[in-house]
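**Q** My structure is stored as entry34.cif, with mmCIF, C-alpha atoms.
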data_final
loop_
_atom_site.label_atom_id
_atom_site.label_comp_id
_atom_site.auth_asym_id
_atom_site.auth_seq_id
_atom_site.Cartn_x
_atom_site.Cartn_y
_atom_site.Cartn_z
CA MET Y 936 125.63 93.97 105.44
CA LYS Y 937 125.39 96.12 108.54
CA LYS Y 938 126.27 99.69 107.55
CA ILE Y 939 124.87 101.58 104.54
CA ALA Y 940 124.65 105.18 103.30
CA ILE Y 941 122.21 107.22 101.21
CA LEU Y 942 122.79 110.18 98.91
CA THR Y 943 120.65 112.22 96.53
CA SER Y 944 122.31 113.53 93.39
CA GLY Y 945 121.53 115.65 90.33
CA GLY Y 946 118.29 117.60 90.02
CA ASP Y 947 115.93 117.33 92.98
CA ALA Y 948 112.59 115.59 92.50
CA PRO Y 949 109.43 115.44 94.65
CA GLY Y 950 109.48 112.10 96.46
CA MET Y 951 113.20 112.01 97.20
CA ASN Y 952 112.45 112.66 100.87
CA ALA Y 953 109.96 109.81 100.88
CA ALA Y 954 112.70 107.54 99.52
CA ILE Y 955 115.20 108.72 102.15
CA ARG Y 956 112.63 108.10 104.88
CA ALA Y 957 111.87 104.58 103.66
CA ALA Y 958 115.54 103.67 103.28
CA VAL Y 959 116.45 104.90 106.76
CA ARG Y 960 113.56 103.26 108.58
CA CYS Y 961 113.73 99.97 106.66
CA GLY Y 962 117.46 99.80 107.29
CA ILE Y 963 117.08 100.45 111.01
CA ASP Y 964 114.28 97.88 111.19
CA LEU Y 965 116.71 95.30 109.82
CA GLY Y 966 119.30 96.21 112.43
CA MET Y 967 121.54 98.21 110.09
CA GLU Y 968 123.36 101.46 110.72
CA VAL Y 969 122.24 104.06 108.18
CA TYR Y 970 124.18 107.18 107.22
CA GLY Y 971 123.19 110.18 105.13
CA ILE Y 972 125.60 111.90 102.76
CA ASP Y 973 124.93 115.62 102.28
CA ARG Y 974 125.19 117.27 98.83
CA GLY Y 975 125.47 114.10 96.75
CA TYR Y 976 128.86 113.07 95.42
CA GLU Y 977 130.32 116.44 96.38
CA GLY Y 978 129.49 115.70 100.01
CA LEU Y 979 130.91 112.21 99.68
CA LEU Y 980 134.25 113.59 98.46
CA ASP Y 981 134.27 116.03 101.38
CA GLY Y 982 133.37 113.32 103.92
CA ASP Y 983 130.10 115.11 104.76
CA ILE Y 984 128.52 112.00 106.25
CA LYS Y 985 126.23 111.76 109.29
CA PRO Y 986 124.32 108.98 111.09
CA MET Y 987 120.57 108.84 110.46
CA GLY Y 988 118.02 107.81 113.08
CA TRP Y 989 114.35 106.84 112.99
CA HIS Y 990 113.25 110.31 114.07
CA SER Y 991 115.70 112.18 111.84
CA VAL Y 992 113.42 111.43 108.90
CA GLY Y 993 110.18 112.40 110.64
CA ASP Y 994 107.87 114.92 108.97
CA ILE Y 995 109.61 114.75 105.56
CA LEU Y 996 107.30 112.36 103.68
CA GLN Y 997 105.14 115.19 102.33
CA ARG Y 998 107.97 117.60 101.56
CA GLY Y 999 109.45 118.26 98.13
CA GLY Y 1000 113.16 118.57 97.51
CA THR Y 1001 115.67 116.53 99.51
CA MET Y 1002 116.67 116.89 103.15
CA LEU Y 1003 120.13 115.58 102.22
CA ARG Y 1004 120.47 118.34 99.65
CA THR Y 1005 121.95 117.71 96.23
CA ALA Y 1006 124.67 118.96 93.93
CA ARG Y 1007 126.21 118.21 90.56
CA SER Y 1008 129.83 117.13 91.04
CA SER Y 1009 132.24 117.79 88.19
CA ARG Y 1010 135.07 116.37 90.34
CA PHE Y 1011 133.39 112.98 90.55
CA MET Y 1012 133.68 112.58 86.78
CA GLU Y 1013 137.44 112.05 87.21
CA GLY Y 1014 138.74 108.60 88.08
CA ARG Y 1015 141.00 109.75 90.90
CA TRP Y 1016 138.05 111.36 92.68
CA VAL Y 1017 135.93 108.21 92.32
CA GLU Y 1018 138.72 106.34 94.05
CA HIS Y 1019 138.76 109.01 96.75
CA GLY Y 1020 135.00 108.56 97.23
CA ALA Y 1021 135.42 104.81 97.63
CA LYS Y 1022 138.16 105.39 100.24
CA ILE Y 1023 135.89 107.75 102.17
CA LEU Y 1024 133.15 105.10 102.30
CA ASN Y 1025 135.67 102.49 103.44
CA THR Y 1026 136.98 104.87 106.11
CA PHE Y 1027 133.48 105.13 107.57
CA GLY Y 1028 133.04 101.36 107.30
CA ILE Y 1029 130.13 101.80 104.90
CA GLU Y 1030 129.47 98.57 103.02
CA GLY Y 1031 126.80 99.67 100.53
CA LEU Y 1032 125.37 102.85 99.01
CA ILE Y 1033 121.89 103.90 97.88
CA VAL Y 1034 121.96 106.56 95.15
CA ILE Y 1035 118.69 108.42 94.54
CA GLY Y 1036 118.89 110.29 91.24
CA GLY Y 1037 118.91 110.04 87.47
CA ASP Y 1038 121.14 108.74 84.71
CA GLY Y 1039 124.26 110.73 85.61
CA SER Y 1040 123.91 109.82 89.28
CA PHE Y 1041 123.60 106.14 88.43
CA ARG Y 1042 126.67 106.27 86.21
CA GLY Y 1043 128.63 107.72 89.10
CA GLY Y 1044 127.36 104.85 91.24
CA LEU Y 1045 128.42 102.38 88.57
CA GLU Y 1046 132.00 103.68 88.77
CA LEU Y 1047 131.96 103.18 92.54
CA SER Y 1048 130.63 99.66 92.09
CA LYS Y 1049 133.65 98.84 89.92
CA LEU Y 1050 135.78 99.59 92.99
CA GLY Y 1051 133.90 97.07 95.10
CA ILE Y 1052 131.14 99.25 96.59
CA PRO Y 1053 127.67 97.70 96.08
CA VAL Y 1054 125.37 100.47 94.80
CA MET Y 1055 121.59 100.48 94.57
CA GLY Y 1056 120.08 103.04 92.18
CA VAL Y 1057 116.68 104.45 93.14
CA PRO Y 1058 115.21 106.42 90.19
CA GLY Y 1059 114.61 110.03 91.25
CA THR Y 1060 114.12 112.49 88.38
CA ILE Y 1061 111.16 114.44 87.03
CA ASP Y 1062 112.35 113.79 83.46
CA ASN Y 1063 111.31 110.10 83.44
CA ASP Y 1064 114.35 109.44 81.27
CA LEU Y 1065 115.60 106.16 82.75
CA ALA Y 1066 114.61 103.59 80.13
CA TYR Y 1067 114.71 100.50 82.35
CA THR Y 1068 111.78 101.71 84.52
CA GLU Y 1069 108.29 102.78 83.47
CA TYR Y 1070 108.23 105.71 85.87
CA THR Y 1071 110.69 107.67 87.98
CA ILE Y 1072 110.14 109.33 91.34
CA GLY Y 1073 108.98 112.93 90.84
CA PHE Y 1074 107.57 112.51 87.35
CA ASP Y 1075 103.93 112.21 88.39
CA THR Y 1076 104.16 115.26 90.66
CA ALA Y 1077 105.81 117.33 87.92
CA VAL Y 1078 103.14 116.36 85.39
CA ASN Y 1079 100.42 117.40 87.81
CA THR Y 1080 102.21 120.69 88.48
CA VAL Y 1081 102.31 121.41 84.74
CA LEU Y 1082 98.64 120.45 84.43
CA GLY Y 1083 97.74 123.06 87.03
CA LEU Y 1084 99.68 125.66 85.05
CA ILE Y 1085 97.94 124.63 81.84
CA SER Y 1086 94.53 125.13 83.45
CA ASN Y 1087 95.46 128.61 84.67
CA ILE Y 1088 97.05 129.60 81.37
CA ARG Y 1089 94.06 128.35 79.40
CA ASP Y 1090 91.79 130.72 81.32
CA THR Y 1091 93.76 133.83 80.43
CA SER Y 1092 94.56 132.62 76.90
CA SER Y 1093 90.85 132.24 76.22
CA SER Y 1094 90.11 135.68 77.61
CA HIS Y 1095 92.70 137.30 75.34
CA GLU Y 1096 92.24 134.97 72.34
CA ARG Y 1097 95.92 134.14 72.10
CA THR Y 1098 98.26 131.24 71.47
CA THR Y 1099 100.46 130.20 74.37
CA ILE Y 1100 103.63 128.12 74.21
CA ILE Y 1101 104.56 126.40 77.49
CA GLU Y 1102 108.13 125.14 77.63
CA VAL Y 1103 108.50 122.31 80.14
CA MET Y 1104 111.57 120.45 81.42
CA GLY Y 1105 112.76 117.10 80.16
CA ARG Y 1106 116.06 117.71 78.35
CA HIS Y 1107 116.32 114.94 75.74
CA CYS Y 1108 113.17 113.15 76.96
CA GLY Y 1109 109.70 114.37 75.94
CA ASP Y 1110 107.65 112.39 78.47
CA LEU Y 1111 106.78 115.38 80.67
CA ALA Y 1112 105.54 117.38 77.67
CA LEU Y 1113 103.72 114.37 76.21
CA HIS Y 1114 101.81 113.36 79.33
CA ALA Y 1115 101.00 116.91 80.42
CA GLY Y 1116 100.02 117.87 76.87
CA LEU Y 1117 97.74 114.85 76.50
CA ALA Y 1118 96.02 115.38 79.85
CA GLY Y 1119 95.90 119.16 79.36
CA GLY Y 1120 94.35 119.07 75.89
CA ALA Y 1121 97.22 120.74 74.03
CA ASP Y 1122 96.75 121.55 70.35
CA VAL Y 1123 100.38 120.72 69.61
CA ILE Y 1124 103.01 118.81 71.58
CA LEU Y 1125 106.66 119.32 70.65
CA VAL Y 1126 109.19 116.72 71.81
CA PRO Y 1127 112.79 115.84 70.89
CA GLU Y 1128 111.75 112.38 69.69
CA VAL Y 1129 109.41 113.57 66.90
CA SER Y 1130 110.32 115.92 64.05
CA ILE Y 1131 107.72 118.48 63.01
CA ASP Y 1132 108.14 121.61 60.93
CA THR Y 1133 106.87 125.10 61.61
CA ASN Y 1134 104.30 124.94 58.80
CA GLU Y 1135 102.65 121.93 60.40
CA ILE Y 1136 102.44 123.73 63.75
CA CYS Y 1137 100.88 126.80 62.13
CA ARG Y 1138 98.44 124.63 60.18
CA ARG Y 1139 97.17 122.94 63.35
CA VAL Y 1140 96.72 126.28 65.11
CA LEU Y 1141 94.86 127.72 62.10
CA GLU Y 1142 92.60 124.68 61.91
CA GLY Y 1143 91.71 125.22 65.55
CA GLN Y 1144 90.92 128.88 64.92
CA GLN Y 1145 88.74 127.99 61.94
CA SER Y 1146 86.79 125.50 64.05
CA GLY Y 1147 85.95 128.31 66.48
CA LYS Y 1148 88.65 127.83 69.06
CA VAL Y 1149 89.37 131.11 70.87
CA HIS Y 1150 92.80 130.07 72.11
CA SER Y 1151 95.58 127.62 71.23
CA LEU Y 1152 97.97 125.80 73.54
CA ILE Y 1153 101.35 124.36 72.61
CA VAL Y 1154 103.33 122.27 75.12
CA MET Y 1155 107.00 122.04 74.23
CA ALA Y 1156 109.80 120.00 75.82
CA GLU Y 1157 112.95 122.03 76.41
CA GLY Y 1158 114.88 119.60 74.23
CA ALA Y 1159 112.63 120.09 71.20
CA ASP Y 1160 114.19 121.72 68.15
CA PHE Y 1161 112.54 125.12 68.56
CA GLU Y 1162 113.29 128.43 70.24
CA PRO Y 1163 110.06 129.51 72.00
CA GLU Y 1164 110.24 133.24 71.23
CA GLU Y 1165 111.04 132.65 67.56
CA LEU Y 1166 108.20 130.15 67.27
CA ALA Y 1167 105.80 132.63 68.92
CA LYS Y 1168 106.83 135.34 66.43
CA THR Y 1169 106.26 133.00 63.49
CA LEU Y 1170 102.85 131.97 64.82
CA GLU Y 1171 101.78 135.59 65.17
CA GLU Y 1172 102.79 136.32 61.58
CA MET Y 1173 101.11 133.22 60.16
CA THR Y 1174 97.91 133.12 62.22
CA GLY Y 1175 97.27 136.80 62.97
CA ARG Y 1176 96.76 135.96 66.62
CA GLU Y 1177 98.90 137.11 69.54
CA ALA Y 1178 101.32 134.43 70.81
CA ARG Y 1179 103.04 134.33 74.19
CA THR Y 1180 105.61 132.02 75.81
CA VAL Y 1181 105.62 130.68 79.37
CA VAL Y 1182 108.63 128.95 80.95
CA PRO Y 1183 107.64 127.50 84.35
CA GLY Y 1184 111.26 126.58 85.15
CA TYR Y 1185 112.01 125.21 88.60
CA ILE Y 1186 108.38 125.43 89.68
CA GLN Y 1187 108.11 121.99 88.05
CA ARG Y 1188 110.65 120.49 90.45
CA GLY Y 1189 109.02 121.53 93.72
CA GLY Y 1190 105.86 120.81 95.63
CA SER Y 1191 104.49 118.06 97.82
CA PRO Y 1192 104.79 114.66 96.09
CA THR Y 1193 101.66 112.92 94.84
CA LEU Y 1194 100.40 109.55 96.07
CA ALA Y 1195 102.05 107.85 93.09
CA ASP Y 1196 105.45 109.37 93.83
CA ARG Y 1197 105.32 108.71 97.58
CA ARG Y 1198 104.37 105.10 96.92
CA LEU Y 1199 107.02 104.55 94.25
CA ALA Y 1200 109.69 106.18 96.43
CA SER Y 1201 108.81 104.06 99.46
CA LEU Y 1202 108.68 100.77 97.56
CA THR Y 1203 111.87 101.26 95.54
CA ALA Y 1204 113.89 102.47 98.54
CA ALA Y 1205 112.67 99.53 100.64
CA LYS Y 1206 113.70 97.17 97.85
CA ALA Y 1207 117.16 98.78 97.70
CA VAL Y 1208 117.67 98.31 101.45
CA ASN Y 1209 116.63 94.67 101.35
CA LEU Y 1210 118.99 93.95 98.47
CA LEU Y 1211 121.91 95.50 100.36
CA TYR Y 1212 120.97 93.65 103.53
CA ASN Y 1213 121.21 90.39 101.57
CA ASP Y 1214 124.58 91.35 100.05
CA SER Y 1215 123.30 91.77 96.51
CA GLU Y 1216 125.46 93.06 93.70
CA SER Y 1217 124.74 96.55 92.35
CA LYS Y 1218 121.22 97.01 90.98
CA ALA Y 1219 118.90 99.64 89.53
CA ILE Y 1220 115.46 99.54 91.14
CA GLY Y 1221 112.38 100.42 89.11
CA VAL Y 1222 108.83 99.52 88.21
CA GLU Y 1223 107.61 97.29 85.40
CA ALA Y 1224 103.96 96.37 84.83
CA GLY Y 1225 103.16 97.70 88.29
CA LYS Y 1226 105.75 95.55 90.06
CA ILE Y 1227 109.02 96.63 91.66
CA VAL Y 1228 111.97 95.14 89.79
CA ALA Y 1229 115.76 95.15 90.12
CA LEU Y 1230 118.14 94.97 87.17
CA ASP Y 1231 121.93 94.79 87.13
CA LEU Y 1232 123.05 98.42 87.27
CA ASP Y 1233 125.29 98.26 84.21
CA LYS Y 1234 122.65 96.49 82.12
CA ALA Y 1235 119.92 98.92 83.19
CA LEU Y 1236 122.00 101.87 81.99
CA ASP Y 1237 122.52 100.20 78.61
CA ILE Y 1238 118.77 100.08 77.90
CA THR Y 1239 117.64 102.74 75.42
CA SER Y 1240 114.37 104.63 75.67
CA GLU Y 1241 111.47 103.95 73.33
CA PHE Y 1242 109.18 106.92 72.85
CA ASP Y 1243 105.46 106.12 73.08
CA THR Y 1244 104.42 107.06 69.56
CA ASN Y 1245 100.92 105.64 70.06
CA LEU Y 1246 100.31 108.00 72.97
CA TYR Y 1247 101.72 110.89 70.96
CA GLU Y 1248 99.40 110.14 68.01
CA LEU Y 1249 96.43 109.86 70.38
CA ALA Y 1250 97.28 113.28 71.83
CA ASN Y 1251 97.32 114.74 68.32
CA VAL Y 1252 93.88 113.28 67.57
CA LEU Y 1253 92.35 114.47 70.84
CA GLY Y 1254 93.83 117.95 70.47
CA LYS Y 1255 91.93 118.71 67.25
CA GLY Y 1256 88.94 121.02 67.11
CA LYS Y 1257 87.42 122.98 69.98
#
What is this structure when it is put down as structure tokens?
**A**
Amino acid sequence: MKKIAILTSGGDAPGMNAAIRAAVRCGIDLGMEVYGIDRGYEGLLDGDIKPMGWHSVGDILQRGGTMLRTARSSRFMEGRWVEHGAKILNTFGIEGLIVIGGDGSFRGGLELSKLGIPVMGVPGTIDNDLAYTEYTIGFDTAVNTVLGLISNIRDTSSSHERTTIIEVMGRHCGDLALHAGLAGGADVILVPEVSIDTNEICRRVLEGQQSGKVHSLIVMAEGADFEPEELAKTLEEMTGREARTVVPGYIQRGGSPTLADRRLASLTAAKAVNLLYNDSESKAIGVEAGKIVALDLDKALDITSEFDTNLYELANVLGKGK
């Protein structure tokens, strides 16, 4: 394979630029022509494709976001537009595609692969919701961003003796809330995977107060079955302590990627390039037990997530008391 392209799709994630850089430079090192597609699948449908050179990816390793930009394409969900995308790639003579993104992005790539375009999926999403890989690019950076917020919020919560609910991203996956809550010493962690009623939340907060705790911290995934403002109101009524909500929003997506994300991005993108160079069938690249692995793309997307209940229970134990 001599000519490949790269696109980033869906929500941006810190480390996407590191993956683009690795893919471009590894491809050029192997004697391949490498093209960048702007704005994900939307850019593909519009033919927004440009050649990438060694120096075109200079000074991006440390930058968040994606230099290729990204977009969510409703058009690409229709079969006729997938066919159009495949024709565009064929028109440019592109033999293989690297898709950096999450579940929806990979599923778009799978549809292209059915039309004869080899696709390599590189996992780029802060949600960590691709079950076939232990970690996704951007997750570690997002967790550390939330940890910094927790530290700042704890200071002011202690000063005002209040309960604070922090709603983090993650959609249907609670990993961001779980890992940040564990490392940040949250009293309660609310995730979509575990059911908990309001009485239990209030009881844990009251137990903390009775042990002498001057503040309480609740980390909640956006997909959990609670509305933050309503929960805060209930907590105030039940505990007699002021409760506030904090929604960091897109702050979680930005920032310079951590060592872990830069490393994961570089290794997975390099693996994707090598697989295309050797004319591999479509794969999803990830990490398992510290090693970079490649699974058939369709089989990888069929794997269902298993929530780490042991880690969740440990977080509950460690969050008790002062």
**Q** Neighbouring residues of Gly1147 of chain Y were defined as those with any atom within 12 Å, considering all atoms listed in the file; residues of the same chain fewer than 3 positions away were excluded. Please report them as a list in words.
**A** Ser1093, Glu1096, Val1140, Leu1141, Glu1142, Gly1143, Gln1144, His1150, Ser1151, Lys1255, Gly1256 and Lys1257 of chain Y
**Q** Of the candidates Y:Gly1119, Y:Gly945, Y:Gly962, Y:Gly1028, which shows the shortest atom-to-atom distance to Glu977 of chain Y, using only C-alpha atoms?
**A** Y:Gly945
**Q** Exactly which residues make up the result of the PyMOL selection byres ((chain Y and resi 1247) around 12) on this file, given as a PyMOL selection string?
**A** chain Y and resi 1109-1118+1121-1126+1128-1129+1242-1246+1248-1254
**Q** In Å, how far is it from atom CA of Asp1160 of chain Y to atom CA of Ala1235 of chain Y?
**A**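 We find that atom CA of Asp1160 of chain Y and atom CA of Ala1235 of chain Y lie 27.9 Å from each other.
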**Q** For the PyMOL selection byres ((chain Y and resi 1095) around 12), applied here, can you spell out every residue it catches as a list in words?
**A** Ile1088, Arg1089, Asp1090, Thr1091, Ser1092, Ser1093, Ser1094, Glu1096, Arg1097, Thr1098, Thr1099, Val1149, His1150, Ser1151, Arg1176, Glu1177, Ala1178 and Arg1179 of chain Y
**Q** Hey, what comes out of the PyMOL selection byres ((chain Y and resi 1184) around 9) on this file? Could you write it as a PDB file with C-alpha atoms, in the coordinates of the input?
**A**
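selection17.pdb, freshly written:
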ATOM      1  CA  GLU Y1102     108.130 125.140  77.630  1.00  0.00           C
ATOM      2  CA  VAL Y1103     108.500 122.310  80.140  1.00  0.00           C
ATOM      3  CA  MET Y1104     111.570 120.450  81.420  1.00  0.00           C
ATOM      4  CA  VAL Y1182     108.630 128.950  80.950  1.00  0.00           C
ATOM      5  CA  PRO Y1183     107.640 127.500  84.350  1.00  0.00           C
ATOM      6  CA  TYR Y1185     112.010 125.210  88.600  1.00  0.00           C
ATOM      7  CA  ILE Y1186     108.380 125.430  89.680  1.00  0.00           C
ATOM      8  CA  GLN Y1187     108.110 121.990  88.050  1.00  0.00           C
ATOM      9  CA  ARG Y1188     110.650 120.490  90.450  1.00  0.00           C
TER      10      ARG Y1188
END
**Q** Need the shell around Ala957 of chain Y: protein/DNA/RNA residues with any atom at most 7 Å away, counting all atoms listed in the file. Skip same-chain ones fewer than 6 positions apart. Format as a list in words?
**A**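 The residues that qualify are Ser1201, Ala1204 and Ala1205 of chain Y.
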**Q** Extending 4 Å beyond the listed atoms of segment 1246-1252 of chain Y on each side, what axis-aligned box results? I want centre and edge lengths in Å to one decimal, as JSON.
**A**
{"center_x": 97.8, "center_y": 111.4, "center_z": 70.3, "size_x": 15.8, "size_y": 14.7, "size_z": 13.4}
**Q** With a distance cut-off of 10 Å and all atoms listed in the file, select the neighbouring residues of Gly1044 of chain Y, excluding the residue or stretch itself and same-chain residues fewer than 2 positions from it, and output the selection as a PyMOL selection string.
**A** chain Y and resi 976+1017+1032-1035+1038-1042+1046-1049+1052-1056+1217-1218+1232-1233
**Q** Set the distance at 9 Å and use only C-alpha atoms: which residues neighbour Gly982 of chain Y once local chain neighbours fewer than 5 positions away are removed? I'd like the list as an NGL selection string.
**A** :Y and (972-973 or 977 or 1020 or 1023-1024 or 1027)
**Q** So which residues fall inside 8 Å of (121.0, 106.1, 105.9) if we count all atoms listed in the file? Mind giving them as a list in words?
**A**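 Protein and nucleic acid residues near the point are Ile939, Ala940, Ile941, Ile955, Ala958, Val959, Gly962, Glu968, Val969, Tyr970, Gly971, Pro986, Met987 and Gly988 of chain Y.
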